[in-house]
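What follows is one structure encoded as structure tokens, with my remarks underneath.
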Amino acid sequence: MADLATLRGLLRGLEEELVVCMRCGMCQAVCPVFGQTGREADVARGKLALLDGLLQAMLEDPEGVRARLERCLLCGSCAANCPSGVNALGIFLKARAILAGYLGLSPAKKAIFRRLLAHPRVLDRAVAFAAVFQRLLARPVNETVGTSCGRIPAPVLAGRHFRPLAAEPFHRRCPSRETPPRAGGPRVALFTGCLIDKIFPSVAEAALRVLDHRGAGVFVPPGQGCCGIPALSGGDLATFRRLVAWHLDLFDPGRFDVLVTCCATCTATLKKLWPALCEGPVASRASALAEKTMDISQFLVRRLGVAGAPGAGREGRVVTVHDPCHLKKSLGVFAEPRELIRAAGGWALREMEGSDDCCGMGGSFNLAHYELSKAIGRLKRARIAATGCEVVATGCPACMLQISDMLSQAGDAIAVRHPVELYAASLPD
Amino acid sequence: MIRGALIREFEAVLGKDAVFAAEADRLTYAYDAAPLEPVMPGLVVRPTSGEALAAAVRLCGENGIPLTVRGAGTNLSGGTVPLPGGVVVVTNGLNRILELNEEDLYAVVEPGVVTAKFAAAAQARGLFYPPDPGSQAVSTLGGNVAENAGGLRGLKYGVTRDYVMGLEFFDARGETIKTGSRTVKCATGYNLAGLLVGSEGTLGVFHRITLKLIPLPAAQQAMMAVFDRPEAASETVAAIIAARIVPATLEFMDQFTIRAVEEYSRAGLPVEAAALLLIEVDGHPAQVAEDASRVEELCRRHGAASLRVARDAAERNKVWEARRSALSALAKLKPTLVLEDATVPRSRIPDMVRAIDEIAREFRLAIGTFGHAGDGNLHPTILTDKRDREEWARVERAIAAIFDRALALGGTLSGEHGTGIAKACFLDRETNAATILYSQRIKKALDPGNILNPGKIIPAPA
């Protein structure tokens, strides 16, 4: 381990961004983790103070700082509410990378990131293997939500109710595709994303159905993997950059006009983090790709003009919409998923209180801090249930997992769907 | 550093989860929202019951360790900056509204209740808790009472002090002291609440606060008036009061601030205007309609270049969004923002605005001024970068100059942000030696061990 002066040197790159925080404390009003614990280290202001403390040598506990940085959903609520415009997400991700570089990654993380995540085909095979055995170890527990739970109590599961791995992941159903558009239509590339590929392939299938119906050209390159956000949030910048480079090679810009994804987290990662956290020519290529990247509902509504009939969205089966943090707070997309549902017809949109409150998943946060994640998720579940809806729709598979877990553990009979699934289901066969 | 044995005593009494000894945790309680240097506390505790809170105070007293109470730590004068090696007592875990009495128009709350949440709970029952400090979405009622927090509605509705009917607090030995009542009138015993409100944690630790509630106004009307000269804006303010109209809010923004807000929000604010007045009248609908039209007329008569009256809730929100975003807009211009609070009698606002301009020129600083024109509480806001030591030295001299001018105009050092650390050393410019001595005697009598947030408000005796 190098000495602390080295760490301070590395952190100095963050100084210009850190100094923007005027310690006003307004982030306390919106942080979901702080809302649960009331502890300053759990809110953005505290984390920024810790990084500043390391930088100014007021503190000599990098492990302590890293542990506290990890108690964070990376939901961006703080940044969205900050009067000074602190780039909290950017600072926290860079700090995690710096600290991981300095302290090293845990053996478990190293194995998962470097041996599995970094190699898309290895990850595919490992998950396929797990999918075969899951019926031995898990059983269905809620038909409407579509969740399973462990057959025996296992500490690693901690009572979770989960959506099982798909028997046939999306990349098996559609290994690759390149079809031309109908006259004048756009050429659209699809970035699948690992949660949709392996757990919610029907979402990607729904997206393709819609694109085909609309006459778009479709480009799905084979060999896709993870967008890299789990590695990045774990501090593994090397794996993240490896995955970016891998995908930039796969998604040859000459073969499509727009790149869409059905995962809010992947979209935000491609648009914001791929360019911001890479360097040199990779960063420029990532920027160019980011310009062409859109969320699926944003693309369908803004570019293809999918819209509801006047007065739509008032009558029919009751559906409520959860706004993923990455979609609304990071990308400003929230009207389009609702428009997509209106366009589907037959749905009555009923807004829940705090539709844009974080669901508490936070990706790997859910794995490391399940009790906290659950406490936040239960608040979301109560709000969903209070609408009396039949379905909750959201444009992020990670949110879909968390919401499914919470609904299922509460015994609710509410289905969890992606808005594009609802729209695709309304199309003629 | 606090001895391990003492930490274990705290843990035994409060529970291990409520005691934070790790350096990383203590660092996060070393600061508040004032632009002061952080100070490492020796220990942080977060009680979740009155008994635990009292016990924490007692333990500190028995061991002679200074303690600093903290709600949300959004204090602007250093009242929540701890003493080196002292104990920070975080109260945001005591966050229940214990009683909300619609018949007798009062509420009893624990100190950690967030002000905006309390106001919303009152509003849901058709009741009004008017004090609305800028930090209300995060600050706690305990903190508001300790600082005598103000807000935009001060002119018509008063400040936190005017709503404290009673207090239950712990003295320096952890004994429960009760003062005030749940009745409209109370002439029993000393008015201890009067002393404790604004005492910034130096005389007692709040456990229960009884707050007055009033009926919600039935209607409101907002408008924005644009002026070519700041004097015209202040003359209008004087004229409104002279006409015996008391608006609920009467806010001022100078050109620097208007431009910053427009740059940030593109709301269509007039960037050539010298000053803006944001006015809201409230009350019975007929009164509101009459007051609003009279205010409109007064604005025009005193040189308003234009006037925009909000026609519905959406437009009203836009008016107040402009004011609320003033701080954000200014904060984005430079890394360090120093929000000052010097207050003058309403009639001297034009002089104060001119003085701030002169000070900005003299010390070569960027200063935007906005604030509560109706009650004279302006917020000259200095934009700087604390890392620039040369400029920071000029900032400190400018702040002293602002204080001197405010005092020369018959004003006071702080309208609502408190004295804390930031203004304690200037106290003798506003008051006299006898006053400071009197205050020191009170402090010594009530806290002989000097453990309750020492060094705040009044300088320690020589």
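FYI, nothing fancy with the structure tokens labels: chains A, B, ... in order, residues from 1 per chain, ligands from 1 as they appear.
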
Quick one: everything within 7 Å of region 300-316 of chain A, counting only C-alpha atoms, minus sequence neighbours fewer than 5 positions away in the same chain. Send it as a VMD selection string. chain A and resid 336 339 to 340 342 to 343 345 to 349

If you keep N, CA and C atoms, can you produce a file of those selected residues as a compact mmCIF listing (two decimals), in the first residue's frame?
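Written file, part-v1.txt:
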# COMPACT_ATOMS: atom_id res chain seq x y z
N GLU A 336 -42.20 10.66 -21.23
CA GLU A 336 -42.31 9.70 -22.33
C GLU A 336 -42.80 8.32 -21.92
N GLU A 339 -46.41 8.60 -21.73
CA GLU A 339 -47.04 8.75 -23.04
C GLU A 339 -47.14 7.39 -23.73
N LEU A 340 -46.12 6.57 -23.54
CA LEU A 340 -46.11 5.23 -24.13
C LEU A 340 -47.28 4.41 -23.57
N ARG A 342 -50.04 5.66 -22.35
CA ARG A 342 -51.29 6.23 -22.90
C ARG A 342 -51.51 5.70 -24.30
N ALA A 343 -50.41 5.62 -25.06
CA ALA A 343 -50.52 5.15 -26.44
C ALA A 343 -50.98 3.69 -26.50
N GLY A 345 -53.21 2.38 -24.69
CA GLY A 345 -54.68 2.32 -24.58
C GLY A 345 -55.13 1.29 -23.56
N GLY A 346 -56.28 1.54 -22.95
CA GLY A 346 -56.83 0.57 -22.01
C GLY A 346 -56.24 0.65 -20.62
N TRP A 347 -55.43 1.66 -20.36
CA TRP A 347 -54.83 1.82 -19.04
C TRP A 347 -55.23 3.15 -18.43
N ALA A 348 -55.54 3.12 -17.13
CA ALA A 348 -55.81 4.36 -16.40
C ALA A 348 -54.55 4.65 -15.57
N LEU A 349 -53.90 5.75 -15.88
CA LEU A 349 -52.66 6.13 -15.18
C LEU A 349 -53.01 6.77 -13.85

Which residues of chain A come within 10 Å of chain B, and what is each one's closest atom pair and distance in Å (one decimal), counting only C-alpha atoms, sorted by chain and residue number, as a Markdown table?
| residue | atom | partner | partner_atom | distance |
| --- | --- | --- | --- | --- |
| A:Glu16 | CA | B:Pro335 | CA | 8.6 |
| A:Glu17 | CA | B:Pro335 | CA | 9.0 |
| A:Leu18 | CA | B:Pro335 | CA | 9.1 |
| A:Val19 | CA | B:Pro335 | CA | 5.9 |
| A:Val20 | CA | B:Pro335 | CA | 4.6 |
| A:Cys21 | CA | B:Pro335 | CA | 7.3 |
| A:Met22 | CA | B:Thr336 | CA | 6.3 |
| A:Arg23 | CA | B:Ala33 | CA | 4.9 |
| A:Cys24 | CA | B:Ala33 | CA | 4.8 |
| A:Gly25 | CA | B:Thr74 | CA | 5.9 |
| A:Met26 | CA | B:Val138 | CA | 6.3 |
| A:Cys27 | CA | B:Val138 | CA | 8.3 |
| A:Gln28 | CA | B:Val138 | CA | 6.2 |
| A:Ala29 | CA | B:Val138 | CA | 5.3 |
| A:Val30 | CA | B:Val138 | CA | 9.1 |
| A:Thr37 | CA | B:Gly93 | CA | 8.6 |
| A:Gly38 | CA | B:Asn92 | CA | 6.5 |
| A:Arg39 | CA | B:Asp25 | CA | 8.7 |
| A:Glu40 | CA | B:Thr28 | CA | 6.0 |
| A:Ala41 | CA | B:Thr28 | CA | 6.0 |
| A:Asp42 | CA | B:Thr28 | CA | 9.6 |
| A:Val43 | CA | B:Thr28 | CA | 9.8 |
| A:Arg45 | CA | B:Thr28 | CA | 8.3 |
| A:Gly46 | CA | B:Thr28 | CA | 5.2 |
| A:Lys47 | CA | B:Thr28 | CA | 7.8 |
| A:Leu48 | CA | B:Thr28 | CA | 9.2 |
| A:Ala49 | CA | B:Thr28 | CA | 6.4 |
| A:Leu50 | CA | B:Thr28 | CA | 6.7 |
| A:Gly53 | CA | B:Leu27 | CA | 7.5 |
| A:Leu54 | CA | B:Ala24 | CA | 9.6 |
| A:Met58 | CA | B:Leu27 | CA | 8.2 |
| A:Leu59 | CA | B:Ala24 | CA | 7.1 |
| A:Glu60 | CA | B:Glu23 | CA | 8.4 |
| A:Asp61 | CA | B:Ala24 | CA | 6.9 |
| A:Pro62 | CA | B:Ala24 | CA | 8.9 |
| A:Glu63 | CA | B:Ala24 | CA | 9.4 |
| A:Gly64 | CA | B:Ala24 | CA | 6.0 |
| A:Val65 | CA | B:Ala24 | CA | 6.5 |
| A:Ala67 | CA | B:Ala24 | CA | 9.9 |
| A:Arg68 | CA | B:Ala24 | CA | 8.5 |
| A:Asn81 | CA | B:Ser328 | CA | 10.0 |
| A:Cys82 | CA | B:Ser328 | CA | 8.0 |
| A:Pro83 | CA | B:Ser328 | CA | 4.2 |
| A:Ser84 | CA | B:Lys332 | CA | 4.9 |
| A:Gly85 | CA | B:Lys332 | CA | 6.4 |
| A:Val86 | CA | B:Lys332 | CA | 9.0 |

Long-range neighbours of Leu94 (chain B) as a list in words, 9 Å cut-off, only C-alpha atoms, 6 positions minimum in chain: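 Result of the neighbour search: Arg46, Pro47, Thr48, Ser49, Gly50, Glu110, Pro111, Gly112, Val113 and His207 of chain B.
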
Region 165-328 of chain A: residues DSSP assigns to alpha helix (DSSP H), reported as a ChimeraX atom specification: /A:170-173,194-198,201-213,229-233,237-250,264-268,274-276,280-291,296-298,325

If we count only C-alpha atoms and set the cut-off at 7 Å, which residues sit around Lys456 (chain B), ignoring sequence neighbours fewer than 6 positions away in its own chain? Please answer as a ChimeraX atom specification. /B:79,420-421,424

Dump of N, CA and C atoms for the selected residues, as a compact mmCIF listing (two decimals), in the first residue's frame:
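And here is the file that came out, again-v1.txt:
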# COMPACT_ATOMS: atom_id res chain seq x y z
N GLY B 79 -22.88 28.10 15.17
CA GLY B 79 -23.45 27.64 16.43
C GLY B 79 -23.34 26.14 16.61
N GLY B 420 -23.47 33.03 17.13
CA GLY B 420 -22.58 31.89 17.02
C GLY B 420 -21.13 32.25 17.31
N ILE B 421 -20.25 31.79 16.41
CA ILE B 421 -18.83 32.13 16.48
C ILE B 421 -18.58 33.36 15.62
N ALA B 424 -19.58 36.70 17.34
CA ALA B 424 -19.34 36.92 18.77
C ALA B 424 -18.31 38.02 19.00

Show me, as a ChimeraX atom specification, the residues that have an atom within 10 Å of region 251-256 of chain B when counting only C-alpha atoms, minus same-chain residues fewer than 6 positions from it. /B:152-153,224-230,233-234,237,270-280,320,322-323,326,330,353,366-380

Which of A:Thr239, A:Thr179, A:Gln224, A:Ser77 sits closest to Ile112 (chain A) [using only C-alpha atoms]: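 Going through A:Thr239, A:Thr179, A:Gln224, A:Ser77 one by one, the smallest distance to Ile112 (chain A) is for A:Thr239.
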
From region 118-162 of chain A, collect each residue whose DSSP state is strand (DSSP E or B) and return the set as number ranges by chain. A: 138-142, 147-150, 162

Any idea what's packed within 7 Å of region 355-364 of chain B, counting only C-alpha atoms, ignoring anything in its chain fewer than 4 positions away? Could you give it as a PDB file with N, CA and C atoms, in the first residue's frame?
ATOM      1  N   ASP B 351     -29.996  53.313   2.116  1.00  0.00           N
ATOM      2  CA  ASP B 351     -28.637  53.635   2.554  1.00  0.00           C
ATOM      3  C   ASP B 351     -27.797  52.370   2.659  1.00  0.00           C
ATOM      4  N   ARG B 394      -9.675  40.171   2.167  1.00  0.00           N
ATOM      5  CA  ARG B 394     -10.543  41.311   1.828  1.00  0.00           C
ATOM      6  C   ARG B 394     -11.991  41.016   2.199  1.00  0.00           C
ATOM      7  N   ALA B 398     -14.368  43.202   4.478  1.00  0.00           N
ATOM      8  CA  ALA B 398     -15.654  43.681   3.964  1.00  0.00           C
ATOM      9  C   ALA B 398     -16.778  43.342   4.925  1.00  0.00           C
ATOM     10  N   ILE B 402     -19.373  45.845   6.622  1.00  0.00           N
ATOM     11  CA  ILE B 402     -20.836  45.713   6.539  1.00  0.00           C
ATOM     12  C   ILE B 402     -21.442  45.835   7.929  1.00  0.00           C
TER      13      ILE B 402
END

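Within 12 Å of His369 (chain A), once only C-alpha atoms are used and residues closer than 6 positions along the same chain are dropped, the contacting residues are A:Val33, A:Ala67, A:Arg68, A:Glu70, A:Arg71, A:Cys72, A:Leu73, A:Val156, A:Ala158, A:Gly360, A:Met361, A:Gly362, A:Gly363, A:Ala375, A:Ile376.
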
Pairwise distance for CA of Leu273 (chain A) and CA of Val218 (chain A), rounded to one decimal in Å: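 Distance between the two atoms: 24.9 Å.
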
Hey, can you check how far CA of Thr394 (chain A) sits from CA of Val145 (chain A)?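 Calculated distance between CA of Thr394 (chain A) and CA of Val145 (chain A) is 13.8 Å.
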